[in-house]
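So the structure is just underneath, and the comments pick up after that.
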Amino acid sequence: MDTTQRDRTIGFLCLVVTAFGWALNWPLMKLLLQQWPPLFARGLAGTCAAVILGTLALARGQSLAVPREAIPRLLFASFTNVFAWMGFGTIAMKFVTVGEGALLAYTMPIWAMLFAWPVLHSRPTLRDLAALALGVAGVALLLGGGGFAFSAGKLTGIALALACAILFALGNVLNRKPLPMPPLAVVAWQVGIGCLVMLLLGVCFEHPNYTAITPLGLGCFAYMTLMPMGICYLTWFETLRRLPPTSASTGMLLVPVIGVVSAAIILGEPLGLREIGAMALTLGGVTLALQRA
């Protein structure tokens with residue numbers, strides 16, 4: 001096996017580990033939210049993960065210093081990529097199923113394609129419009145099972161899931177220029193800043209019962225801390241280093257698929273023809289949108 005083929009194989013294996021690690025976090029997070037409130041749970045896990053990531057960065061000889069000119073961009077990215085993406089997405093899980101939350105969140109590339117028009121002056125093509133149509137059709141099919149008659153809680157969950165996707169997309173478009181720091185250090189700072197704010201808000205306003213956690217909850221918490229916000233970031237960087245960006249991004253469409261299937265197995269959530277059709281339409285639109293990258 002030559003070096004190129006070996007790199008692609010390792011990259012593919014890292015992509016699979018990343019996808020499964022991030023996907024299984026959705027149903028396990030839903031279980032954890034039965035014991036701890038969302039901002040506190042995600043904030044505490046993320047703050048612990050940031051310490052681990054920062055330690056790994058230092059162990060690799062990477063500097064955690066933040067250039068002064070990069071501070072505003074780092075704070076903005078911490079809001080869009082962590083506080084909005086993780087925080088809003090986690091609160092949304094209190095009101096919607098894993099399937100609904102995951103598919104709504106992973107419409108992000110479609111919103112990024114739309115933001116690219118006014119921000120980057122990149123006019124949408126027919127393929128982009130087809131991506132938008134497929135994505136809208138998939139979301140409509142997913143949410144239309146009850147005739148679009150939503151409770152206030154359901155509407156709140158849908159709005160939060162869409163907000164996390166839209167703000168994450170906006171952050172990706174506005175932050176296309178990489179920060180002048182090592183990738184692991186960037187992630188450590190973003191996760192640390194965004195999750196510390198979540199943790200403080202959770203302690204102040206959610207009034208968590210610290211002793212309510214069970215062994216199952218502790219297991220979910222440990223997984224959330226170590227896998228999706230620790231190991232998966234390392235394997236994701238390896239994926240990006242060894243595979244083309246478009247291939248890596250398209251491969252991440254495994255995350256909502258695995259998340260929905262695992263939620264059906266672990267939580268008993270519905271997985272019928274409507275959910276499968278919605279996934280096919282939505283992820284088909286997302287795939288088209290990713291071809292712009």
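Residues in the structure tokens are named by chain (A, B, ... in the order shown) and by number from 1 within that chain; ligands are numbered from 1 in the order shown.
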
Worksheet item: Can you list, as JSON, numbers by chain, every residue of segment 145-218 of chain A that DSSP puts in helix (DSSP H, G or I)?
Response: {"A": [145, 146, 152, 153, 154, 155, 156, 157, 158, 159, 160, 161, 162, 163, 164, 165, 166, 167, 168, 169, 170, 171, 172, 173, 174, 183, 184, 185, 186, 187, 188, 189, 190, 191, 192, 193, 194, 195, 196, 197, 198, 199, 200, 201, 202, 203, 204, 205, 206, 210, 211, 212, 215, 216, 217, 218]}

Phe237 of chain A environment, 10 Å, only C-alpha atoms, sequence neighbours closer than 2 positions dropped, as a compact mmCIF listing (two decimals) with N, CA, C and O atoms, in the first residue's frame:
# COMPACT_ATOMS: atom_id res chain seq x y z
N GLY A 11 -7.45 8.25 7.01
CA GLY A 11 -8.41 9.35 7.03
C GLY A 11 -9.84 8.85 7.07
O GLY A 11 -10.69 9.39 7.80
N CYS A 14 -10.57 7.51 10.55
CA CYS A 14 -10.76 8.64 11.48
C CYS A 14 -12.12 9.29 11.26
O CYS A 14 -12.78 9.71 12.23
N LEU A 15 -12.54 9.37 10.00
CA LEU A 15 -13.85 9.95 9.70
C LEU A 15 -14.97 9.10 10.31
O LEU A 15 -15.92 9.64 10.89
N THR A 18 -15.03 9.66 14.06
CA THR A 18 -15.60 10.97 14.35
C THR A 18 -17.11 10.96 14.20
O THR A 18 -17.84 11.47 15.06
N PRO A 183 -4.68 24.48 15.34
CA PRO A 183 -6.09 24.06 15.37
C PRO A 183 -6.57 23.56 16.73
O PRO A 183 -7.67 23.91 17.17
N LEU A 184 -5.75 22.75 17.40
CA LEU A 184 -6.16 22.21 18.69
C LEU A 184 -6.31 23.32 19.72
O LEU A 184 -7.22 23.30 20.56
N CYS A 232 -12.94 12.94 19.36
CA CYS A 232 -13.47 13.19 18.02
C CYS A 232 -12.83 14.41 17.36
O CYS A 232 -12.69 14.44 16.13
N TYR A 233 -12.44 15.41 18.14
CA TYR A 233 -11.76 16.55 17.54
C TYR A 233 -10.39 16.13 17.02
O TYR A 233 -9.95 16.58 15.94
N LEU A 234 -9.70 15.26 17.74
CA LEU A 234 -8.40 14.78 17.28
C LEU A 234 -8.55 13.97 15.99
O LEU A 234 -7.79 14.16 15.03
N THR A 235 -9.54 13.07 15.94
CA THR A 235 -9.74 12.28 14.73
C THR A 235 -10.25 13.15 13.58
O THR A 235 -9.96 12.88 12.41
N THR A 239 -8.69 13.55 9.94
CA THR A 239 -9.51 13.40 8.73
C THR A 239 -9.24 14.53 7.76
O THR A 239 -9.04 14.30 6.55
N LEU A 240 -9.26 15.76 8.25
CA LEU A 240 -9.03 16.92 7.38
C LEU A 240 -7.62 16.92 6.80
O LEU A 240 -7.40 17.42 5.68
N ARG A 241 -6.67 16.36 7.54
CA ARG A 241 -5.29 16.33 7.07
C ARG A 241 -5.08 15.29 5.97
O ARG A 241 -4.21 15.45 5.11
N ARG A 242 -5.90 14.24 5.98
CA ARG A 242 -5.66 13.12 5.07
C ARG A 242 -6.69 12.99 3.95
O ARG A 242 -6.44 12.26 2.98

Practice prompt. With a distance cut-off of 12 Å and only C-alpha atoms, select the neighbouring residues of Leu155 of chain A, excluding the residue or stretch itself and same-chain residues fewer than 2 positions from it, and output the selection as a PyMOL selection string.
Written response: chain A and resi 92-96+100-101+143+148-153+157-163

Worksheet item: Do you have the atom CA of Val187 of chain A-atom CA of Leu53 of chain A distance handy?
Response: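 Spanning atom CA of Val187 of chain A to atom CA of Leu53 of chain A is a straight-line distance of 7.6 Å.
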
Contacts of segment 7-92 of chain A with segment 202-222 of chain A up to 9 Å, shortest pair per row, only C-alpha atoms, as CSV:
residue,atom,partner,partner_atom,distance
A:Asn25,CA,A:Cys220,CA,8.3
A:Leu28,CA,A:Cys220,CA,5.6
A:Met29,CA,A:Cys220,CA,6.8
A:Leu31,CA,A:Gly217,CA,7.1
A:Leu32,CA,A:Gly217,CA,5.2
A:Leu33,CA,A:Gly217,CA,8.6
A:Gln34,CA,A:Gly217,CA,8.5
A:Gln35,CA,A:Ile213,CA,5.7
A:Trp36,CA,A:Pro208,CA,6.2
A:Pro37,CA,A:Pro208,CA,6.3
A:Pro38,CA,A:Gly202,CA,7.6
A:Leu39,CA,A:Gly202,CA,4.9
A:Phe40,CA,A:Gly202,CA,4.3
A:Ala41,CA,A:Phe221,CA,7.6
A:Arg42,CA,A:Phe221,CA,8.6
A:Gly43,CA,A:Gly202,CA,7.6
A:Leu44,CA,A:Phe221,CA,9.0
A:Ala45,CA,A:Phe221,CA,6.6

Hey, can you spit out that residue selection with all heavy atoms as a short mmCIF file (atom, residue, chain, number, x, y, z; two decimals), in the first residue's frame?
data_model
loop_
_atom_site.label_atom_id
_atom_site.label_comp_id
_atom_site.auth_asym_id
_atom_site.auth_seq_id
_atom_site.Cartn_x
_atom_site.Cartn_y
_atom_site.Cartn_z
N ASN A 25 -23.54 10.90 20.59
CA ASN A 25 -23.71 11.93 21.60
C ASN A 25 -25.15 12.44 21.66
O ASN A 25 -25.63 12.86 22.72
CB ASN A 25 -22.77 13.11 21.33
CG ASN A 25 -22.72 14.10 22.47
OD1 ASN A 25 -22.50 13.72 23.61
ND2 ASN A 25 -22.94 15.36 22.17
N LEU A 28 -27.36 10.00 23.86
CA LEU A 28 -26.84 9.99 25.22
C LEU A 28 -27.06 11.35 25.90
O LEU A 28 -27.33 11.41 27.10
CB LEU A 28 -25.35 9.63 25.22
CG LEU A 28 -25.02 8.21 24.72
CD1 LEU A 28 -23.53 7.94 24.84
CD2 LEU A 28 -25.83 7.16 25.47
N MET A 29 -26.99 12.40 25.12
CA MET A 29 -27.28 13.72 25.67
C MET A 29 -28.74 13.80 26.10
O MET A 29 -29.07 14.39 27.13
CB MET A 29 -26.97 14.79 24.61
CG MET A 29 -27.23 16.22 25.05
SD MET A 29 -26.56 17.38 23.83
CE MET A 29 -27.47 16.91 22.35
N LEU A 31 -30.53 11.37 27.21
CA LEU A 31 -30.62 10.65 28.48
C LEU A 31 -30.11 11.52 29.64
O LEU A 31 -30.72 11.56 30.71
CB LEU A 31 -29.81 9.35 28.41
CG LEU A 31 -30.39 8.21 27.58
CD1 LEU A 31 -29.38 7.06 27.50
CD2 LEU A 31 -31.70 7.72 28.15
N LEU A 32 -29.00 12.20 29.43
CA LEU A 32 -28.42 13.02 30.48
C LEU A 32 -29.36 14.16 30.87
O LEU A 32 -29.45 14.55 32.05
CB LEU A 32 -27.07 13.58 30.04
CG LEU A 32 -26.33 14.46 31.05
CD1 LEU A 32 -26.08 13.70 32.36
CD2 LEU A 32 -25.01 14.96 30.47
N LEU A 33 -30.10 14.69 29.89
CA LEU A 33 -31.01 15.81 30.16
C LEU A 33 -32.20 15.41 31.04
O LEU A 33 -32.93 16.27 31.51
CB LEU A 33 -31.51 16.41 28.85
CG LEU A 33 -30.45 17.10 27.98
CD1 LEU A 33 -31.08 17.73 26.76
CD2 LEU A 33 -29.68 18.13 28.77
N GLN A 34 -32.38 14.12 31.24
CA GLN A 34 -33.42 13.68 32.17
C GLN A 34 -32.98 13.88 33.63
O GLN A 34 -33.80 13.80 34.55
CB GLN A 34 -33.73 12.20 31.93
CG GLN A 34 -34.32 11.91 30.56
CD GLN A 34 -34.46 10.41 30.28
OE1 GLN A 34 -34.22 9.59 31.16
NE2 GLN A 34 -34.85 10.06 29.07
N GLN A 35 -31.68 14.16 33.83
CA GLN A 35 -31.14 14.27 35.20
C GLN A 35 -30.54 15.65 35.49
O GLN A 35 -30.62 16.14 36.60
CB GLN A 35 -30.09 13.18 35.42
CG GLN A 35 -30.66 11.78 35.21
CD GLN A 35 -29.61 10.70 35.32
OE1 GLN A 35 -28.56 10.87 35.92
NE2 GLN A 35 -29.87 9.55 34.70
N TRP A 36 -29.93 16.26 34.51
CA TRP A 36 -29.34 17.58 34.67
C TRP A 36 -29.89 18.52 33.60
O TRP A 36 -30.16 18.07 32.47
CB TRP A 36 -27.83 17.51 34.56
CG TRP A 36 -27.12 17.17 35.84
CD1 TRP A 36 -27.67 17.08 37.08
CD2 TRP A 36 -25.73 16.89 36.00
NE1 TRP A 36 -26.72 16.76 38.01
CE2 TRP A 36 -25.51 16.64 37.38
CE3 TRP A 36 -24.65 16.84 35.13
CZ2 TRP A 36 -24.25 16.32 37.90
CZ3 TRP A 36 -23.39 16.53 35.64
CH2 TRP A 36 -23.20 16.28 37.01
N PRO A 37 -30.04 19.81 33.89
CA PRO A 37 -30.55 20.76 32.89
C PRO A 37 -29.52 20.99 31.78
O PRO A 37 -28.32 20.76 31.96
CB PRO A 37 -30.79 22.03 33.71
CG PRO A 37 -29.92 21.90 34.91
CD PRO A 37 -29.81 20.44 35.20
N PRO A 38 -29.98 21.46 30.60
CA PRO A 38 -29.13 21.47 29.40
C PRO A 38 -27.89 22.35 29.46
O PRO A 38 -26.79 21.89 29.13
CB PRO A 38 -30.08 21.94 28.29
CG PRO A 38 -31.24 22.57 28.99
CD PRO A 38 -31.36 21.87 30.30
N LEU A 39 -28.02 23.60 29.85
CA LEU A 39 -26.85 24.48 29.84
C LEU A 39 -25.80 24.03 30.85
O LEU A 39 -24.60 24.05 30.56
CB LEU A 39 -27.28 25.92 30.13
CG LEU A 39 -28.03 26.65 29.01
CD1 LEU A 39 -28.43 28.05 29.46
CD2 LEU A 39 -27.19 26.71 27.73
N PHE A 40 -26.26 23.61 32.02
CA PHE A 40 -25.33 23.15 33.03
C PHE A 40 -24.62 21.87 32.56
O PHE A 40 -23.40 21.76 32.66
CB PHE A 40 -26.06 22.88 34.35
CG PHE A 40 -25.18 22.25 35.40
CD1 PHE A 40 -24.27 23.00 36.11
CD2 PHE A 40 -25.28 20.88 35.67
CE1 PHE A 40 -23.44 22.41 37.08
CE2 PHE A 40 -24.47 20.29 36.62
CZ PHE A 40 -23.55 21.06 37.33
N ALA A 41 -25.38 20.91 32.05
CA ALA A 41 -24.80 19.63 31.63
C ALA A 41 -23.79 19.82 30.51
O ALA A 41 -22.65 19.33 30.58
CB ALA A 41 -25.91 18.67 31.20
N ARG A 42 -24.20 20.54 29.46
CA ARG A 42 -23.29 20.72 28.31
C ARG A 42 -22.14 21.64 28.68
O ARG A 42 -21.00 21.45 28.23
CB ARG A 42 -24.07 21.28 27.13
CG ARG A 42 -23.36 21.11 25.77
CD ARG A 42 -23.21 19.65 25.44
NE ARG A 42 -22.49 19.40 24.20
CZ ARG A 42 -23.05 19.22 23.02
NH1 ARG A 42 -24.37 19.28 22.91
NH2 ARG A 42 -22.33 18.96 21.96
N GLY A 43 -22.43 22.66 29.49
CA GLY A 43 -21.38 23.59 29.87
C GLY A 43 -20.30 22.94 30.71
O GLY A 43 -19.10 23.17 30.51
N LEU A 44 -20.70 22.10 31.69
CA LEU A 44 -19.72 21.43 32.54
C LEU A 44 -18.89 20.44 31.72
O LEU A 44 -17.65 20.39 31.86
CB LEU A 44 -20.44 20.70 33.68
CG LEU A 44 -19.54 19.96 34.68
CD1 LEU A 44 -18.56 20.92 35.34
CD2 LEU A 44 -20.38 19.24 35.73
N ALA A 45 -19.55 19.67 30.85
CA ALA A 45 -18.82 18.71 30.02
C ALA A 45 -17.83 19.43 29.10
O ALA A 45 -16.68 19.01 28.95
CB ALA A 45 -19.80 17.89 29.19
#

Item to complete: Work out how far atom CA of Arg60 of chain A is from atom CA of Thr4 of chain A, in Å to one decimal.
Response: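 Computing it gives 24.7 Å between the two atoms.
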
Discussion item. Env of Val82 of chain A: 9 Å cut, atoms = only C-alpha atoms, seq-sep filter 6 positions within chain, self excluded. Answer as a ChimeraX atom specification.
Written reply: /A:168,190-195

Could the residues in this selection be saved with all heavy atoms as a PDB file, in the first residue's frame?
ATOM      1  N   PHE A 168     -24.425  28.872  13.360  1.00  0.00           N
ATOM      2  CA  PHE A 168     -23.200  28.139  13.041  1.00  0.00           C
ATOM      3  C   PHE A 168     -22.809  28.392  11.585  1.00  0.00           C
ATOM      4  O   PHE A 168     -21.625  28.592  11.262  1.00  0.00           O
ATOM      5  CB  PHE A 168     -23.404  26.655  13.305  1.00  0.00           C
ATOM      6  CG  PHE A 168     -22.139  25.837  13.288  1.00  0.00           C
ATOM      7  CD1 PHE A 168     -20.910  26.403  13.557  1.00  0.00           C
ATOM      8  CD2 PHE A 168     -22.177  24.477  13.022  1.00  0.00           C
ATOM      9  CE1 PHE A 168     -19.742  25.650  13.552  1.00  0.00           C
ATOM     10  CE2 PHE A 168     -21.015  23.705  13.014  1.00  0.00           C
ATOM     11  CZ  PHE A 168     -19.797  24.307  13.274  1.00  0.00           C
ATOM     12  N   GLN A 190     -12.169  27.954  21.979  1.00  0.00           N
ATOM     13  CA  GLN A 190     -13.575  28.128  21.598  1.00  0.00           C
ATOM     14  C   GLN A 190     -14.496  27.322  22.512  1.00  0.00           C
ATOM     15  O   GLN A 190     -15.497  27.843  23.024  1.00  0.00           O
ATOM     16  CB  GLN A 190     -13.797  27.711  20.143  1.00  0.00           C
ATOM     17  CG  GLN A 190     -13.266  28.695  19.128  1.00  0.00           C
ATOM     18  CD  GLN A 190     -13.636  28.331  17.702  1.00  0.00           C
ATOM     19  OE1 GLN A 190     -14.557  27.562  17.461  1.00  0.00           O
ATOM     20  NE2 GLN A 190     -12.906  28.863  16.744  1.00  0.00           N
ATOM     21  N   VAL A 191     -14.164  26.051  22.712  1.00  0.00           N
ATOM     22  CA  VAL A 191     -14.985  25.199  23.576  1.00  0.00           C
ATOM     23  C   VAL A 191     -14.958  25.727  25.009  1.00  0.00           C
ATOM     24  O   VAL A 191     -15.990  25.784  25.694  1.00  0.00           O
ATOM     25  CB  VAL A 191     -14.501  23.735  23.517  1.00  0.00           C
ATOM     26  CG1 VAL A 191     -15.210  22.888  24.571  1.00  0.00           C
ATOM     27  CG2 VAL A 191     -14.742  23.148  22.126  1.00  0.00           C
ATOM     28  N   GLY A 192     -13.778  26.132  25.466  1.00  0.00           N
ATOM     29  CA  GLY A 192     -13.662  26.632  26.836  1.00  0.00           C
ATOM     30  C   GLY A 192     -14.475  27.889  27.068  1.00  0.00           C
ATOM     31  O   GLY A 192     -15.222  27.992  28.055  1.00  0.00           O
ATOM     32  N   ILE A 193     -14.351  28.866  26.169  1.00  0.00           N
ATOM     33  CA  ILE A 193     -15.083  30.126  26.330  1.00  0.00           C
ATOM     34  C   ILE A 193     -16.585  29.902  26.231  1.00  0.00           C
ATOM     35  O   ILE A 193     -17.363  30.335  27.089  1.00  0.00           O
ATOM     36  CB  ILE A 193     -14.614  31.158  25.284  1.00  0.00           C
ATOM     37  CG1 ILE A 193     -13.153  31.550  25.538  1.00  0.00           C
ATOM     38  CG2 ILE A 193     -15.509  32.399  25.319  1.00  0.00           C
ATOM     39  CD1 ILE A 193     -12.532  32.372  24.420  1.00  0.00           C
ATOM     40  N   GLY A 194     -17.016  29.218  25.149  1.00  0.00           N
ATOM     41  CA  GLY A 194     -18.448  29.012  24.945  1.00  0.00           C
ATOM     42  C   GLY A 194     -19.090  28.192  26.038  1.00  0.00           C
ATOM     43  O   GLY A 194     -20.186  28.515  26.518  1.00  0.00           O
ATOM     44  N   CYS A 195     -18.412  27.132  26.479  1.00  0.00           N
ATOM     45  CA  CYS A 195     -19.000  26.241  27.478  1.00  0.00           C
ATOM     46  C   CYS A 195     -18.925  26.816  28.884  1.00  0.00           C
ATOM     47  O   CYS A 195     -19.792  26.533  29.716  1.00  0.00           O
ATOM     48  CB  CYS A 195     -18.331  24.871  27.419  1.00  0.00           C
ATOM     49  SG  CYS A 195     -18.804  23.918  25.960  1.00  0.00           S
TER      50      CYS A 195
END

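Every protein or nucleic acid residue with an atom no more than 9 Å from Leu243 of chain A, counting only C-alpha atoms and leaving out same-chain residues fewer than 3 positions away, appears here: Asp7, Arg8, Gly11, Phe12, Glu238, Thr239, Leu240, Thr246, Ser247 and Ala248 of chain A.
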
Worksheet item: How many Å separate atom CA of Asp2 of chain A from atom CA of Leu254 of chain A?
Response: 27.4 Å

Response to the item:
From the list A:Val255, A:Ile71, A:Leu134, A:Ile231, the nearest residue to Met181 of chain A using only C-alpha atoms is A:Ile71
